[in-house]
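Below is one structure, written out as structure tokens; comments come after it.
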Amino acid sequence: MRKMTFLLYIILLLLLLVFAGCNHSEKFNILNFEAGNVENINVYHFNIPTDAKGIVVTKNQDIKRIMETFSEIKIERDATPEDETVGGTVTSFRFNLKDGKKFEIAYWDSILRNPNDINYKVSAKSVENLWGNLDYDKNSVNKCDLPVINKIK
């Protein structure tokens, strides 16, 4: 009888672990480079592209903070056209790497997107908060300097 009770507890524990893990968002490494590979980061913030403001992040601790924020993003699922909204605040990033390459990504209304393969519905309020927590001169930016991020297909 003791063996049967023990076995029942083990089965219940396993079922609990399986079902508890099914409802969690996926954590995914969005940036495939290290902070040490980043020369600087252009960060842009706007509701209307013609009114965009931008900063150039150069301090190592701020670059690391941005990288950590991206590492904490949880992907809920692929974004769909139904997730698309009109308007909203956009925070976009251009990572200028020391090898001359660039990586661009934008966040708005819980969607993380770039011109290549990233198109996710995410939980990432900390990305929105980065703009206000970076102590750099916020200058007007020409619309043509903003990263080009296409809508969901």
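Identifiers in the structure tokens: chain A, B, ... in order shown; residue index from 1 per chain; ligand index from 1 in order shown.
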
Glu104 (chain A) environment, 9 Å, only C-alpha atoms, sequence neighbours closer than 2 positions dropped, as JSON, numbers by chain: {"A": [92, 93, 94, 95, 96, 102, 106, 113, 114, 115, 147, 148, 149]}

Residue neighbourhood region 86-91 of chain A, 12 Å, only C-alpha atoms, exclusion window fewer than 4 positions, as a ChimeraX atom specification: /A:42-49,51-55,81-82,104-114,124-132,146-149,151

Per-residue DSSP, region 44-143 of chain A, filtered to alpha helix (DSSP H), as a list of chain:residue names: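 Secondary structure check on region 44-143 of chain A, alpha helix (DSSP H): A:Asn60, A:Gln61, A:Asp62, A:Ile63, A:Lys64, A:Arg65, A:Ile66, A:Met67, A:Glu68, A:Thr69, A:Phe70, A:Ser71, A:Lys125, A:Ser126, A:Val127, A:Glu128, A:Asn129, A:Leu130, A:Trp131, A:Gly132, A:Asn133.
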
Serialized selection, N, CA, C and O atoms, as a CSV table (one decimal), in the first residue's frame:
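File produced: part-v2.csv:
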chain,number,residue,atom,x,y,z
A,60,ASN,N,29.5,52.0,-21.6
A,60,ASN,CA,29.5,50.5,-21.5
A,60,ASN,C,28.4,50.0,-20.6
A,60,ASN,O,27.7,49.0,-20.9
A,61,GLN,N,28.2,50.7,-19.5
A,61,GLN,CA,27.2,50.2,-18.5
A,61,GLN,C,25.8,50.3,-19.1
A,61,GLN,O,24.9,49.5,-18.9
A,62,ASP,N,25.5,51.4,-20.0
A,62,ASP,CA,24.2,51.5,-20.6
A,62,ASP,C,24.0,50.5,-21.7
A,62,ASP,O,22.9,50.0,-21.9
A,63,ILE,N,25.1,50.2,-22.5
A,63,ILE,CA,25.0,49.2,-23.5
A,63,ILE,C,24.7,47.9,-22.9
A,63,ILE,O,23.8,47.1,-23.3
A,64,LYS,N,25.3,47.5,-21.8
A,64,LYS,CA,25.1,46.3,-21.1
A,64,LYS,C,23.6,46.2,-20.6
A,64,LYS,O,23.0,45.2,-20.6
A,65,ARG,N,23.1,47.4,-20.0
A,65,ARG,CA,21.8,47.4,-19.5
A,65,ARG,C,20.8,47.2,-20.7
A,65,ARG,O,19.8,46.4,-20.5
A,66,ILE,N,21.0,47.7,-21.8
A,66,ILE,CA,20.1,47.5,-23.0
A,66,ILE,C,20.2,46.0,-23.4
A,66,ILE,O,19.1,45.4,-23.6
A,67,MET,N,21.4,45.5,-23.4
A,67,MET,CA,21.5,44.1,-23.8
A,67,MET,C,20.8,43.2,-22.8
A,67,MET,O,20.2,42.2,-23.2
A,68,GLU,N,20.9,43.5,-21.5
A,68,GLU,CA,20.3,42.7,-20.4
A,68,GLU,C,18.7,42.8,-20.6
A,68,GLU,O,18.0,41.8,-20.4
A,69,THR,N,18.3,44.0,-20.9
A,69,THR,CA,16.8,44.1,-21.1
A,69,THR,C,16.3,43.2,-22.2
A,69,THR,O,15.3,42.6,-22.1
A,70,PHE,N,17.1,43.2,-23.3
A,70,PHE,CA,16.7,42.3,-24.4
A,70,PHE,C,16.8,40.8,-24.1
A,70,PHE,O,16.0,40.0,-24.5
A,71,SER,N,17.7,40.5,-23.2
A,71,SER,CA,17.8,39.1,-22.8
A,71,SER,C,16.7,38.6,-21.9
A,71,SER,O,16.4,37.4,-21.8
A,125,LYS,N,7.7,45.2,-21.2
A,125,LYS,CA,7.5,46.6,-20.8
A,125,LYS,C,8.8,47.3,-20.4
A,125,LYS,O,9.0,48.5,-20.6
A,126,SER,N,9.9,46.5,-20.0
A,126,SER,CA,11.1,47.1,-19.7
A,126,SER,C,11.8,47.8,-20.9
A,126,SER,O,12.6,48.7,-20.7
A,127,VAL,N,11.5,47.3,-22.1
A,127,VAL,CA,12.0,48.0,-23.3
A,127,VAL,C,11.5,49.4,-23.4
A,127,VAL,O,12.2,50.3,-23.7
A,128,GLU,N,10.2,49.6,-23.2
A,128,GLU,CA,9.5,50.9,-23.2
A,128,GLU,C,10.2,51.8,-22.2
A,128,GLU,O,10.4,53.0,-22.5
A,129,ASN,N,10.6,51.3,-21.1
A,129,ASN,CA,11.1,52.1,-20.0
A,129,ASN,C,12.6,52.5,-20.2
A,129,ASN,O,13.1,53.5,-19.6
A,130,LEU,N,13.3,51.9,-21.2
A,130,LEU,CA,14.7,52.2,-21.4
A,130,LEU,C,14.8,53.7,-21.8
A,130,LEU,O,15.7,54.4,-21.4
A,131,TRP,N,14.0,54.2,-22.7
A,131,TRP,CA,14.1,55.5,-23.2
A,131,TRP,C,14.2,56.6,-22.1
A,131,TRP,O,15.1,57.4,-22.1
A,132,GLY,N,13.3,56.5,-21.2
A,132,GLY,CA,13.3,57.4,-20.1
A,132,GLY,C,14.4,57.3,-19.1
A,132,GLY,O,14.7,58.2,-18.3
A,133,ASN,N,15.0,56.1,-19.1
A,133,ASN,CA,16.1,55.8,-18.1
A,133,ASN,C,17.5,56.0,-18.7
A,133,ASN,O,18.5,55.8,-17.9

Two-atom distance - CA of Asn37 (chain A), CA of Asn142 (chain A) (Å):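 So the answer is 26.8 Å.
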